[in-house]
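Structure file target_35.txt; described as compact mmCIF, C-alpha atoms (C1' of nucleotides).
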# COMPACT_ATOMS: atom_id res chain seq x y z
CA MET A 1 0.00 0.00 0.00
CA LEU A 2 1.16 3.50 -0.81
CA ALA A 3 2.34 5.53 2.14
CA LYS A 4 0.18 8.38 0.94
CA GLN A 5 -2.97 6.28 0.94
CA LYS A 6 -2.17 4.88 4.34
CA GLU A 7 -1.80 8.41 5.65
CA LEU A 8 -5.21 9.30 4.19
CA ILE A 9 -6.83 6.33 5.88
CA VAL A 10 -5.23 7.11 9.22
CA GLN A 11 -6.49 10.69 8.96
CA LEU A 12 -9.99 9.46 8.19
CA LEU A 13 -10.05 7.15 11.20
CA ARG A 14 -8.60 9.80 13.51
CA SER A 15 -11.15 12.39 12.44
CA SER A 16 -13.89 9.91 13.33
CA LYS A 17 -12.24 9.25 16.70
CA LEU A 18 -11.63 5.60 15.87
CA SER A 19 -8.51 3.74 16.84
CA ILE A 20 -6.22 2.60 14.07
CA THR A 21 -6.44 -1.17 13.65
CA ASP A 22 -5.36 -3.57 10.91
CA THR A 23 -8.94 -4.53 10.07
CA ARG A 24 -10.16 -0.98 9.67
CA VAL A 25 -7.19 0.09 7.59
CA LYS A 26 -7.51 -2.96 5.34
CA ILE A 27 -11.24 -2.50 4.79
CA LEU A 28 -10.87 1.17 3.97
CA GLU A 29 -8.05 0.27 1.61
CA LEU A 30 -10.37 -2.14 -0.21
CA PHE A 31 -13.01 0.58 -0.48
CA LEU A 32 -10.57 3.06 -1.97
CA LYS A 33 -9.15 0.46 -4.34
CA SER A 34 -12.49 -0.76 -5.64
CA ASN A 35 -14.23 2.51 -6.57
CA GLY A 36 -17.56 0.77 -6.30
CA ALA A 37 -19.92 -0.63 -3.74
CA LEU A 38 -18.86 -3.69 -1.79
CA GLU A 39 -20.79 -6.27 0.13
CA HIS A 40 -19.77 -8.34 3.09
CA ALA A 41 -18.64 -11.33 1.04
CA ASP A 42 -16.30 -9.12 -0.98
CA PHE A 43 -14.32 -8.24 2.11
CA GLU A 44 -13.87 -11.88 2.98
CA LYS A 45 -12.64 -12.64 -0.53
CA LEU A 46 -10.56 -9.54 -1.14
CA SER A 47 -8.87 -9.60 2.22
CA GLY A 48 -7.82 -13.20 1.69
CA LYS A 49 -9.91 -14.29 4.64
CA SER A 50 -7.43 -12.78 7.00
CA PHE A 51 -10.18 -11.38 9.23
CA ASP A 52 -12.98 -13.02 11.13
CA ARG A 53 -16.48 -12.62 9.69
CA VAL A 54 -17.71 -11.11 12.92
CA THR A 55 -14.98 -8.48 12.87
CA ILE A 56 -15.96 -7.45 9.37
CA TYR A 57 -19.61 -7.11 10.35
CA ARG A 58 -18.70 -5.01 13.35
CA THR A 59 -16.26 -2.86 11.42
CA LEU A 60 -18.83 -2.06 8.73
CA GLN A 61 -21.39 -1.21 11.41
CA THR A 62 -18.90 1.12 13.07
CA PHE A 63 -18.18 2.85 9.77
CA LEU A 64 -21.91 3.25 9.19
CA ASP A 65 -22.39 4.77 12.64
CA LYS A 66 -19.60 7.24 12.01
CA GLY A 67 -20.86 8.14 8.56
CA ILE A 68 -17.72 6.87 6.83
CA VAL A 69 -19.73 4.56 4.58
CA HIS A 70 -23.38 4.33 3.53
CA LYS A 71 -25.62 1.52 2.39
CA ILE A 72 -27.08 1.24 -1.08
CA PRO A 73 -30.55 -0.27 -1.53
CA THR A 74 -30.79 -3.60 -3.33
CA THR A 75 -33.63 -5.86 -4.33
CA ASP A 76 -31.94 -8.97 -3.00
CA THR A 77 -30.60 -9.95 0.40
CA SER A 78 -27.15 -8.54 -0.13
CA VAL A 79 -26.18 -5.38 1.72
CA ARG A 80 -23.97 -3.06 -0.28
CA TYR A 81 -21.72 -0.43 1.20
CA ALA A 82 -20.03 2.51 -0.47
CA ILE A 83 -17.59 4.97 0.99
CA CYS A 84 -18.91 8.47 1.52
CA LYS A 85 -17.03 10.96 -0.59
CA SER A 86 -18.44 14.16 0.76
CA ASP A 87 -20.24 15.83 3.60
CA CYS A 88 -21.71 13.05 5.70
CA ARG A 89 -21.82 13.69 9.40
CA GLU A 90 -22.24 11.13 12.13
CA HIS A 91 -25.82 9.78 12.37
CA GLU A 92 -26.89 12.25 9.73
CA HIS A 93 -26.04 10.59 6.51
CA HIS A 94 -27.80 11.61 3.33
CA ASP A 95 -26.91 10.59 -0.17
CA HIS A 96 -27.19 13.34 -2.65
CA HIS A 97 -26.19 11.28 -5.61
CA VAL A 98 -27.49 8.48 -7.78
CA HIS A 99 -26.32 4.87 -7.56
CA PHE A 100 -25.76 2.86 -10.69
CA ARG A 101 -25.79 -0.91 -10.94
CA CYS A 102 -24.41 -2.50 -14.09
CA GLU A 103 -26.32 -5.56 -15.26
CA GLU A 104 -23.27 -6.83 -17.16
CA CYS A 105 -20.41 -6.68 -14.70
CA GLY A 106 -22.53 -6.54 -11.55
CA SER A 107 -20.68 -3.57 -10.11
CA THR A 108 -22.45 -0.82 -8.24
CA ARG A 109 -21.02 2.66 -8.09
CA CYS A 110 -21.89 6.13 -6.93
CA LEU A 111 -22.45 8.70 -9.63
CA GLU A 112 -21.27 11.67 -7.62
CA GLU A 113 -21.94 14.08 -10.43
CA THR A 114 -25.57 13.05 -10.92
CA ASP A 115 -27.93 14.83 -8.57
CA ILE A 116 -31.07 13.35 -7.11
CA PRO A 117 -34.07 15.15 -8.56
CA VAL A 118 -36.74 16.68 -6.38
CA ILE A 119 -39.68 14.32 -5.90
CA SER A 120 -43.04 15.88 -5.18
CA LEU A 121 -44.93 13.46 -2.97
CA PRO A 122 -48.69 13.33 -2.41
CA LYS A 123 -50.11 15.61 0.28
CA GLY A 124 -49.37 14.44 3.80
CA TYR A 125 -46.05 12.69 3.14
CA ASP A 126 -42.80 14.05 4.60
CA ALA A 127 -39.61 13.04 2.80
CA HIS A 128 -36.39 12.75 4.78
CA ASN A 129 -34.23 10.86 2.37
CA VAL A 130 -34.40 9.79 -1.26
CA GLU A 131 -32.53 6.83 -2.70
CA VAL A 132 -32.18 6.38 -6.44
CA VAL A 133 -30.73 3.23 -7.95
CA VAL A 134 -30.43 3.08 -11.71
CA SER A 135 -29.67 -0.24 -13.36
CA GLY A 136 -28.41 -0.68 -16.88
CA VAL A 137 -25.07 -0.95 -18.66
CA CYS A 138 -22.04 1.03 -17.57
CA LYS A 139 -19.42 2.82 -19.66
CA GLU A 140 -16.90 -0.01 -19.43
CA CYS A 141 -19.30 -2.77 -20.47
CA LYS A 142 -20.63 -1.23 -23.64
CA MET B 1 -62.82 -14.00 2.29
CA LEU B 2 -65.25 -12.16 0.08
CA ALA B 3 -66.48 -14.10 -2.91
CA LYS B 4 -65.78 -11.08 -5.08
CA GLN B 5 -62.16 -10.92 -3.99
CA LYS B 6 -61.73 -14.63 -4.46
CA GLU B 7 -63.05 -14.28 -7.99
CA LEU B 8 -60.57 -11.48 -8.65
CA ILE B 9 -57.69 -13.62 -7.45
CA VAL B 10 -58.76 -16.59 -9.53
CA GLN B 11 -58.96 -14.35 -12.59
CA LEU B 12 -55.47 -13.02 -11.89
CA LEU B 13 -54.01 -16.51 -11.61
CA ARG B 14 -55.80 -17.75 -14.70
CA SER B 15 -54.61 -14.81 -16.79
CA SER B 16 -51.04 -15.68 -15.77
CA LYS B 17 -51.64 -19.32 -16.70
CA LEU B 18 -51.06 -20.48 -13.14
CA SER B 19 -53.07 -23.21 -11.48
CA ILE B 20 -55.31 -22.25 -8.59
CA THR B 21 -53.85 -23.51 -5.34
CA ASP B 22 -54.50 -22.69 -1.70
CA THR B 23 -51.06 -21.16 -1.20
CA ARG B 24 -51.30 -18.83 -4.15
CA VAL B 25 -54.81 -17.68 -3.30
CA LYS B 26 -53.87 -17.08 0.33
CA ILE B 27 -50.73 -15.10 -0.52
CA LEU B 28 -52.55 -12.92 -3.03
CA GLU B 29 -55.25 -12.37 -0.44
CA LEU B 30 -52.62 -11.13 2.02
CA PHE B 31 -51.23 -8.77 -0.62
CA LEU B 32 -54.63 -7.29 -1.36
CA LYS B 33 -55.46 -6.98 2.33
CA SER B 34 -52.21 -5.28 3.33
CA ASN B 35 -51.97 -2.42 0.81
CA GLY B 36 -48.25 -2.25 1.43
CA ALA B 37 -45.10 -4.17 0.72
CA LEU B 38 -44.63 -7.52 2.43
CA GLU B 39 -41.57 -9.58 3.14
CA HIS B 40 -41.20 -13.30 3.46
CA ALA B 41 -41.56 -13.34 7.24
CA ASP B 42 -44.90 -11.51 6.97
CA PHE B 43 -46.40 -14.37 5.01
CA GLU B 44 -45.35 -16.87 7.63
CA LYS B 45 -46.88 -14.72 10.36
CA LEU B 46 -50.02 -13.57 8.54
CA SER B 47 -50.88 -16.98 7.18
CA GLY B 48 -50.67 -18.52 10.62
CA LYS B 49 -47.77 -20.70 9.52
CA SER B 50 -50.11 -22.85 7.50
CA PHE B 51 -47.65 -23.10 4.63
CA ASP B 52 -44.15 -24.40 4.38
CA ARG B 53 -41.36 -21.82 4.10
CA VAL B 54 -40.17 -23.35 0.88
CA THR B 55 -43.59 -23.10 -0.68
CA ILE B 56 -43.76 -19.41 0.13
CA TYR B 57 -40.35 -18.78 -1.40
CA ARG B 58 -41.34 -20.62 -4.55
CA THR B 59 -44.73 -18.94 -4.78
CA LEU B 60 -43.19 -15.48 -4.53
CA GLN B 61 -40.62 -16.41 -7.17
CA THR B 62 -43.40 -17.61 -9.46
CA PHE B 63 -45.32 -14.36 -8.98
CA LEU B 64 -42.16 -12.41 -9.76
CA ASP B 65 -41.59 -14.40 -12.95
CA LYS B 66 -45.15 -13.75 -14.05
CA GLY B 67 -44.99 -10.07 -13.23
CA ILE B 68 -47.73 -10.31 -10.61
CA VAL B 69 -45.51 -8.80 -7.94
CA HIS B 70 -42.30 -6.78 -7.92
CA LYS B 71 -39.47 -6.33 -5.47
CA ILE B 72 -38.73 -3.10 -3.68
CA PRO B 73 -35.12 -2.17 -2.88
CA THR B 74 -34.08 -2.07 0.77
CA THR B 75 -30.87 -1.25 2.58
CA ASP B 76 -31.07 -4.30 4.80
CA THR B 77 -31.25 -8.02 4.11
CA SER B 78 -35.03 -8.15 3.86
CA VAL B 79 -36.65 -8.64 0.48
CA ARG B 80 -39.89 -6.73 0.07
CA TYR B 81 -42.59 -7.55 -2.44
CA ALA B 82 -45.50 -5.45 -3.63
CA ILE B 83 -48.31 -6.39 -5.93
CA CYS B 84 -48.22 -4.83 -9.37
CA LYS B 85 -51.20 -2.62 -9.95
CA SER B 86 -50.76 -1.86 -13.58
CA ASP B 87 -49.10 -2.83 -16.80
CA CYS B 88 -46.40 -5.32 -15.92
CA ARG B 89 -45.83 -8.04 -18.43
CA GLU B 90 -44.03 -11.30 -17.86
CA HIS B 91 -40.22 -10.91 -17.63
CA GLU B 92 -40.59 -7.26 -18.47
CA HIS B 93 -41.41 -5.63 -15.22
CA HIS B 94 -40.70 -1.97 -14.75
CA ASP B 95 -41.85 0.19 -11.91
CA HIS B 96 -42.99 3.55 -12.97
CA HIS B 97 -43.77 4.76 -9.51
CA VAL B 98 -42.02 5.78 -6.33
CA HIS B 99 -41.81 3.63 -3.22
CA PHE B 100 -42.24 5.16 0.18
CA ARG B 101 -40.98 3.75 3.45
CA CYS B 102 -42.32 5.23 6.67
CA GLU B 103 -39.77 5.54 9.45
CA GLU B 104 -42.50 5.54 12.09
CA CYS B 105 -44.70 2.57 11.28
CA GLY B 106 -42.16 0.72 9.12
CA SER B 107 -44.59 0.16 6.28
CA THR B 108 -43.54 0.38 2.67
CA ARG B 109 -46.04 1.27 -0.01
CA CYS B 110 -46.22 2.12 -3.68
CA LEU B 111 -47.10 5.68 -4.54
CA GLU B 112 -48.81 4.88 -7.81
CA GLU B 113 -49.57 8.51 -8.51
CA THR B 114 -45.98 9.71 -8.13
CA ASP B 115 -43.95 9.34 -11.29
CA ILE B 116 -40.28 8.53 -11.43
CA PRO B 117 -38.43 11.58 -12.76
CA VAL B 118 -36.10 11.36 -15.71
CA ILE B 119 -32.48 10.98 -14.61
CA SER B 120 -29.79 12.24 -16.96
CA LEU B 121 -26.78 10.00 -16.50
CA PRO B 122 -23.19 10.78 -17.42
CA LYS B 123 -22.13 9.99 -20.98
CA GLY B 124 -21.72 6.30 -21.69
CA TYR B 125 -24.27 4.96 -19.24
CA ASP B 126 -27.43 3.21 -20.46
CA ALA B 127 -30.37 3.17 -18.06
CA HIS B 128 -32.85 0.29 -18.19
CA ASN B 129 -34.66 0.74 -14.92
CA VAL B 130 -34.84 3.36 -12.19
CA GLU B 131 -35.81 2.60 -8.62
CA VAL B 132 -36.73 5.39 -6.22
CA VAL B 133 -37.27 4.78 -2.53
CA VAL B 134 -38.25 7.74 -0.40
CA SER B 135 -38.14 7.41 3.36
CA GLY B 136 -39.86 9.72 5.79
CA VAL B 137 -43.18 9.94 7.60
CA CYS B 138 -46.43 8.84 6.01
CA LYS B 139 -49.86 10.44 6.12
CA GLU B 140 -51.16 8.13 8.84
CA CYS B 141 -48.23 8.64 11.21
CA LYS B 142 -48.19 12.42 11.29
C1' DG C 1 9.68 2.73 26.34
C1' DA C 2 6.94 0.38 30.17
C1' DT C 3 2.30 0.15 32.42
C1' DG C 4 -2.58 0.09 33.21
C1' DT C 5 -7.00 1.03 31.01
C1' DT C 6 -9.87 0.96 27.25
C1' DT C 7 -11.18 -0.87 22.99
C1' DA C 8 -11.20 -4.27 19.31
C1' DT C 9 -10.73 -8.96 17.85
C1' DG C 10 -11.46 -14.03 17.40
C1' DC C 11 -13.82 -18.01 18.72
C1' DA C 12 -17.83 -20.74 19.69
C1' DA C 13 -22.40 -21.28 19.59
C1' DC C 14 -26.63 -20.02 17.93
C1' DA C 15 -30.45 -17.78 15.01
C1' DT C 16 -32.29 -16.52 10.65
C1' DT C 17 -32.80 -16.79 5.86
C1' DG C 18 -32.60 -19.02 1.47
C1' DT C 19 -31.77 -23.39 -1.67
C1' DT C 20 -32.05 -28.17 -3.63
C1' DG C 21 -33.65 -33.02 -4.43
C1' DC C 22 -37.18 -36.06 -4.03
C1' DA C 23 -41.49 -38.36 -2.71
C1' DA C 24 -46.30 -37.47 -1.95
C1' DT C 25 -50.21 -34.76 -2.93
C1' DT C 26 -53.12 -31.72 -5.56
C1' DT C 27 -54.66 -29.64 -9.81
C1' DT C 28 -55.80 -29.87 -14.45
C1' DA C 29 -57.07 -31.81 -18.85
C1' DT C 30 -59.15 -35.70 -21.15
C1' DA D 1 -63.04 -41.16 -13.24
C1' DT D 2 -58.40 -41.33 -14.62
C1' DA D 3 -53.79 -40.15 -16.22
C1' DA D 4 -50.44 -36.54 -16.79
C1' DA D 5 -48.56 -32.42 -15.15
C1' DA D 6 -47.66 -29.29 -11.66
C1' DT D 7 -47.30 -28.03 -6.82
C1' DT D 8 -46.30 -28.93 -2.14
C1' DG D 9 -43.92 -30.53 2.11
C1' DC D 10 -40.08 -32.62 4.14
C1' DA D 11 -35.24 -33.21 5.04
C1' DA D 12 -30.92 -31.75 4.60
C1' DC D 13 -27.89 -28.28 3.57
C1' DA D 14 -25.72 -23.56 2.64
C1' DA D 15 -25.21 -18.86 3.49
C1' DT D 16 -25.73 -14.91 6.29
C1' DG D 17 -26.04 -12.42 10.54
C1' DT D 18 -25.88 -12.08 15.95
C1' DT D 19 -24.32 -12.51 20.90
C1' DG D 20 -21.30 -13.49 24.97
C1' DC D 21 -16.94 -13.91 26.55
C1' DA D 22 -11.90 -14.59 26.88
C1' DT D 23 -7.80 -12.89 24.57
C1' DA D 24 -5.17 -9.51 22.23
C1' DA D 25 -4.16 -5.05 20.54
C1' DA D 26 -4.28 0.08 20.77
C1' DC D 27 -4.14 4.17 23.42
C1' DA D 28 -3.09 7.53 27.11
C1' DT D 29 -0.15 8.40 30.91
C1' DC D 30 3.73 8.42 33.03
Before anything else, please render the file you have as structure tokens.
Amino acid sequence: MLAKQKELIVQLLRSSKLSITDTRVKILELFLKSNGALEHADFEKLSGKSFDRVTIYRTLQTFLDKGIVHKIPTTDTSVRYAICKSDCREHEHHDHHVHFRCEECGSTRCLEETDIPVISLPKGYDAHNVEVVVSGVCKECK
Amino acid sequence: MLAKQKELIVQLLRSSKLSITDTRVKILELFLKSNGALEHADFEKLSGKSFDRVTIYRTLQTFLDKGIVHKIPTTDTSVRYAICKSDCREHEHHDHHVHFRCEECGSTRCLEETDIPVISLPKGYDAHNVEVVVSGVCKECK
DNA sequence: GATGTTTATGCAACATTGTTGCAATTTTAT
DNA sequence: ATAAAATTGCAACAATGTTGCATAAACATC
């Protein structure tokens, strides 16, 4: 791993008041490397099974709590996580971008540059958060 | 069950070329009764555990294949199903409406009257389907 | 750097959820 | 009423997620 990237990860953990551990550094490294959404099984594969399943679950939950990562909705039982690029604060996460899932390669990524449109709901409904997941074919797979 | 509703359900199954069985009738009845999205566990509870788990899984899969129901994206491991109100054809399902999840009562419903906006993706991306899930507080819970 | 305190990890055991093959039952068509 | 086709239930398994507790690692202080 690049020293520069390691430094970035350490900064990120420190600013969330989390202690620096091998598991957390490795998982963040995988996030930065992948530039897409990851699910639990990916961490077990990509890390070479060097960490216990339970530790991975707990680490992802911690990152969620601290607003370091966010979940992406899926229509199956998998739970996908993506790293938050911008202004997410602890317990106050909101995505302001669209998620794209490629039907060819199966990858899910955040389209940071694509804004979520305003949805006008029927009378009586209060919206707190809007999730948009577009599926189709990505740039690379065409 | 009302005779009228039963007739409706039988019609629905016949038009999808499915045989009329107790499980299928019961599950469709639960869908019509609930006016919201249901997940697997709901069927086990609501049906009084009169059907085998496996049968429920297979029935829901059959309904999906025939376009009778559709899945709604979630950020957890649950898989939610809602009955299709309008023009879904076999193997060609597309939602054209927004899904709303209430943070108070936990119910998920289809907002049939709320259209999905057009999303303009970055160059090179082809969109086939767009899912929108809004979370907040529903009419009844305010 | 060593030391005590706090925090995170790994293990075991368990709970929940989803899948597959096969025999028995039900539905449908004749 | 009967045979063929489809559906169901059971058993066994696989995958996924959770909890308690002892051990190990990280941190703050000296």
At most 8 Å is the cut-off: for each residue in chain B with any atom that close to an atom of chain C, write down the nearest atom pair and the distance in Å rounded to one decimal, counting all atoms listed in the file, chain first then increasing number, as JSON lines.
{"residue": "B:Ser19", "atom": "CA", "partner": "C:DT27", "partner_atom": "C1'", "distance": 6.8}
{"residue": "B:Ile20", "atom": "CA", "partner": "C:DT27", "partner_atom": "C1'", "distance": 7.5}
{"residue": "B:Thr21", "atom": "CA", "partner": "C:DT27", "partner_atom": "C1'", "distance": 7.6}
Which residues of chain A sit at most 12 Å from chain D, using only C-alpha atoms (C1' of nucleotides)? Give each one's shortest atom pair and distance in Å (one decimal place), in chain and ascending residue order, as a Markdown table.
| residue | atom | partner | partner_atom | distance |
| --- | --- | --- | --- | --- |
| A:Lys17 | CA | D:DC27 | C1' | 11.7 |
| A:Leu18 | CA | D:DA26 | C1' | 10.4 |
| A:Ser19 | CA | D:DA26 | C1' | 6.8 |
| A:Ile20 | CA | D:DA26 | C1' | 7.4 |
| A:Thr21 | CA | D:DA26 | C1' | 7.5 |
| A:Asp22 | CA | D:DA25 | C1' | 9.8 |
| A:Thr23 | CA | D:DA25 | C1' | 11.5 |
| A:Glu39 | CA | D:DT16 | C1' | 11.7 |
| A:His40 | CA | D:DT16 | C1' | 9.4 |
| A:Ala41 | CA | D:DT16 | C1' | 9.5 |
| A:Arg53 | CA | D:DG17 | C1' | 9.6 |
| A:Val54 | CA | D:DG17 | C1' | 8.8 |
| A:Thr55 | CA | D:DT18 | C1' | 11.9 |
| A:Ile56 | CA | D:DG17 | C1' | 11.3 |
| A:Tyr57 | CA | D:DG17 | C1' | 8.3 |
| A:Arg58 | CA | D:DT18 | C1' | 10.4 |
| A:Thr77 | CA | D:DT16 | C1' | 9.1 |
| A:Ser78 | CA | D:DT16 | C1' | 9.2 |
| A:Val79 | CA | D:DT16 | C1' | 10.6 |
Written selection (C-alpha atoms) as a short mmCIF file (atom, residue, chain, number, x, y, z; two decimals), keeping the file's coordinate frame:
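Listed below is the output, out_29.cif:
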data_model
loop_
_atom_site.label_atom_id
_atom_site.label_comp_id
_atom_site.auth_asym_id
_atom_site.auth_seq_id
_atom_site.Cartn_x
_atom_site.Cartn_y
_atom_site.Cartn_z
CA LYS A 17 -12.24 9.25 16.70
CA LEU A 18 -11.63 5.60 15.87
CA SER A 19 -8.51 3.74 16.84
CA ILE A 20 -6.22 2.60 14.07
CA THR A 21 -6.44 -1.17 13.65
CA ASP A 22 -5.36 -3.57 10.91
CA THR A 23 -8.94 -4.53 10.07
CA GLU A 39 -20.79 -6.27 0.13
CA HIS A 40 -19.77 -8.34 3.09
CA ALA A 41 -18.64 -11.33 1.04
CA ARG A 53 -16.48 -12.62 9.69
CA VAL A 54 -17.71 -11.11 12.92
CA THR A 55 -14.98 -8.48 12.87
CA ILE A 56 -15.96 -7.45 9.37
CA TYR A 57 -19.61 -7.11 10.35
CA ARG A 58 -18.70 -5.01 13.35
CA THR A 77 -30.60 -9.95 0.40
CA SER A 78 -27.15 -8.54 -0.13
CA VAL A 79 -26.18 -5.38 1.72
#
Result of fitting chain B to chain A over every paired C-alpha, as a compact mmCIF listing (two decimals) with C-alpha atoms, in the frame of the given file:
# COMPACT_ATOMS: atom_id res chain seq x y z
CA MET B 1 0.06 -0.14 0.09
CA LEU B 2 1.21 3.34 -0.75
CA ALA B 3 2.39 5.39 2.19
CA LYS B 4 0.27 8.27 0.96
CA GLN B 5 -2.88 6.18 0.96
CA LYS B 6 -2.09 4.78 4.37
CA GLU B 7 -1.72 8.32 5.67
CA LEU B 8 -5.09 9.23 4.18
CA ILE B 9 -6.75 6.29 5.88
CA VAL B 10 -5.17 7.08 9.23
CA GLN B 11 -6.38 10.67 8.94
CA LEU B 12 -9.89 9.46 8.15
CA LEU B 13 -9.98 7.18 11.18
CA ARG B 14 -8.54 9.81 13.48
CA SER B 15 -11.06 12.42 12.37
CA SER B 16 -13.83 9.95 13.25
CA LYS B 17 -12.22 9.32 16.63
CA LEU B 18 -11.63 5.66 15.84
CA SER B 19 -8.51 3.79 16.84
CA ILE B 20 -6.20 2.60 14.10
CA THR B 21 -6.45 -1.15 13.72
CA ASP B 22 -5.39 -3.57 11.01
CA THR B 23 -8.97 -4.51 10.15
CA ARG B 24 -10.15 -0.96 9.71
CA VAL B 25 -7.16 0.07 7.63
CA LYS B 26 -7.49 -3.00 5.42
CA ILE B 27 -11.22 -2.51 4.83
CA LEU B 28 -10.81 1.16 3.99
CA GLU B 29 -8.00 0.20 1.65
CA LEU B 30 -10.33 -2.20 -0.16
CA PHE B 31 -12.96 0.54 -0.46
CA LEU B 32 -10.50 2.99 -1.96
CA LYS B 33 -9.09 0.36 -4.32
CA SER B 34 -12.45 -0.85 -5.62
CA ASN B 35 -14.17 2.41 -6.62
CA GLY B 36 -17.51 0.68 -6.36
CA ALA B 37 -19.88 -0.68 -3.79
CA LEU B 38 -18.82 -3.73 -1.81
CA GLU B 39 -20.77 -6.30 0.12
CA HIS B 40 -19.77 -8.33 3.11
CA ALA B 41 -18.66 -11.35 1.09
CA ASP B 42 -16.28 -9.15 -0.94
CA PHE B 43 -14.32 -8.27 2.17
CA GLU B 44 -13.89 -11.91 3.07
CA LYS B 45 -12.67 -12.69 -0.44
CA LEU B 46 -10.56 -9.58 -1.05
CA SER B 47 -8.87 -9.66 2.32
CA GLY B 48 -7.84 -13.26 1.84
CA LYS B 49 -9.97 -14.32 4.78
CA SER B 50 -7.50 -12.78 7.17
CA PHE B 51 -10.25 -11.38 9.36
CA ASP B 52 -13.06 -12.96 11.25
CA ARG B 53 -16.57 -12.56 9.80
CA VAL B 54 -17.79 -10.99 12.99
CA THR B 55 -15.05 -8.40 12.94
CA ILE B 56 -16.00 -7.38 9.42
CA TYR B 57 -19.65 -7.03 10.36
CA ARG B 58 -18.75 -4.89 13.35
CA THR B 59 -16.27 -2.78 11.41
CA LEU B 60 -18.82 -1.99 8.71
CA GLN B 61 -21.39 -1.11 11.37
CA THR B 62 -18.89 1.22 13.02
CA PHE B 63 -18.15 2.92 9.70
CA LEU B 64 -21.88 3.33 9.11
CA ASP B 65 -22.36 4.89 12.54
CA LYS B 66 -19.55 7.33 11.89
CA GLY B 67 -20.79 8.22 8.44
CA ILE B 68 -17.66 6.90 6.73
CA VAL B 69 -19.68 4.58 4.51
CA HIS B 70 -23.31 4.34 3.45
CA LYS B 71 -25.56 1.53 2.35
CA ILE B 72 -26.99 1.22 -1.13
CA PRO B 73 -30.45 -0.29 -1.62
CA THR B 74 -30.70 -3.63 -3.41
CA THR B 75 -33.56 -5.88 -4.41
CA ASP B 76 -31.88 -9.00 -3.09
CA THR B 77 -30.57 -10.00 0.32
CA SER B 78 -27.11 -8.54 -0.17
CA VAL B 79 -26.15 -5.39 1.69
CA ARG B 80 -23.91 -3.08 -0.31
CA TYR B 81 -21.67 -0.43 1.16
CA ALA B 82 -19.96 2.49 -0.52
CA ILE B 83 -17.53 4.96 0.92
CA CYS B 84 -18.84 8.46 1.44
CA LYS B 85 -16.99 10.96 -0.66
CA SER B 86 -18.39 14.14 0.70
CA ASP B 87 -20.23 15.80 3.51
CA CYS B 88 -21.67 13.03 5.64
CA ARG B 89 -21.77 13.71 9.32
CA GLU B 90 -22.19 11.17 12.07
CA HIS B 91 -25.77 9.82 12.37
CA GLU B 92 -26.85 12.26 9.71
CA HIS B 93 -26.00 10.58 6.50
CA HIS B 94 -27.81 11.55 3.36
CA ASP B 95 -26.93 10.56 -0.15
CA HIS B 96 -27.25 13.32 -2.60
CA HIS B 97 -26.25 11.26 -5.57
CA VAL B 98 -27.56 8.47 -7.74
CA HIS B 99 -26.38 4.88 -7.55
CA PHE B 100 -25.82 2.89 -10.68
CA ARG B 101 -25.83 -0.87 -10.98
CA CYS B 102 -24.46 -2.42 -14.16
CA GLU B 103 -26.34 -5.47 -15.38
CA GLU B 104 -23.30 -6.70 -17.29
CA CYS B 105 -20.42 -6.58 -14.83
CA GLY B 106 -22.56 -6.49 -11.67
CA SER B 107 -20.71 -3.54 -10.19
CA THR B 108 -22.48 -0.83 -8.28
CA ARG B 109 -21.04 2.65 -8.10
CA CYS B 110 -21.91 6.13 -6.91
CA LEU B 111 -22.50 8.72 -9.58
CA GLU B 112 -21.32 11.66 -7.54
CA GLU B 113 -22.01 14.11 -10.33
CA THR B 114 -25.64 13.07 -10.82
CA ASP B 115 -28.02 14.82 -8.47
CA ILE B 116 -31.13 13.30 -7.01
CA PRO B 117 -34.15 15.10 -8.48
CA VAL B 118 -36.81 16.63 -6.30
CA ILE B 119 -39.77 14.29 -5.85
CA SER B 120 -43.15 15.85 -5.14
CA LEU B 121 -45.05 13.44 -2.94
CA PRO B 122 -48.79 13.29 -2.41
CA LYS B 123 -50.21 15.52 0.32
CA GLY B 124 -49.47 14.33 3.83
CA TYR B 125 -46.17 12.60 3.16
CA ASP B 126 -42.92 13.94 4.64
CA ALA B 127 -39.72 12.96 2.84
CA HIS B 128 -36.49 12.66 4.81
CA ASN B 129 -34.32 10.79 2.37
CA VAL B 130 -34.50 9.75 -1.26
CA GLU B 131 -32.62 6.80 -2.69
CA VAL B 132 -32.25 6.37 -6.44
CA VAL B 133 -30.80 3.23 -7.98
CA VAL B 134 -30.48 3.12 -11.74
CA SER B 135 -29.71 -0.17 -13.42
CA GLY B 136 -28.43 -0.57 -16.94
CA VAL B 137 -25.10 -0.81 -18.72
CA CYS B 138 -22.06 1.15 -17.60
CA LYS B 139 -19.44 2.96 -19.65
CA GLU B 140 -16.91 0.15 -19.42
CA CYS B 141 -19.29 -2.61 -20.51
CA LYS B 142 -20.61 -1.02 -23.68
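From atom CA of Leu60 of chain A back to atom CA of Asp42 of chain B, the distance works out to 27.8 Å.
Straight-line separation from atom CA of Asp65 of chain A to atom CA of Ala3 of chain A: 26.9 Å.
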Rounded to one decimal in Å, what is the spacing between atom CA of Phe51 of chain B and atom CA of Gly36 of chain B? 21.1 Å
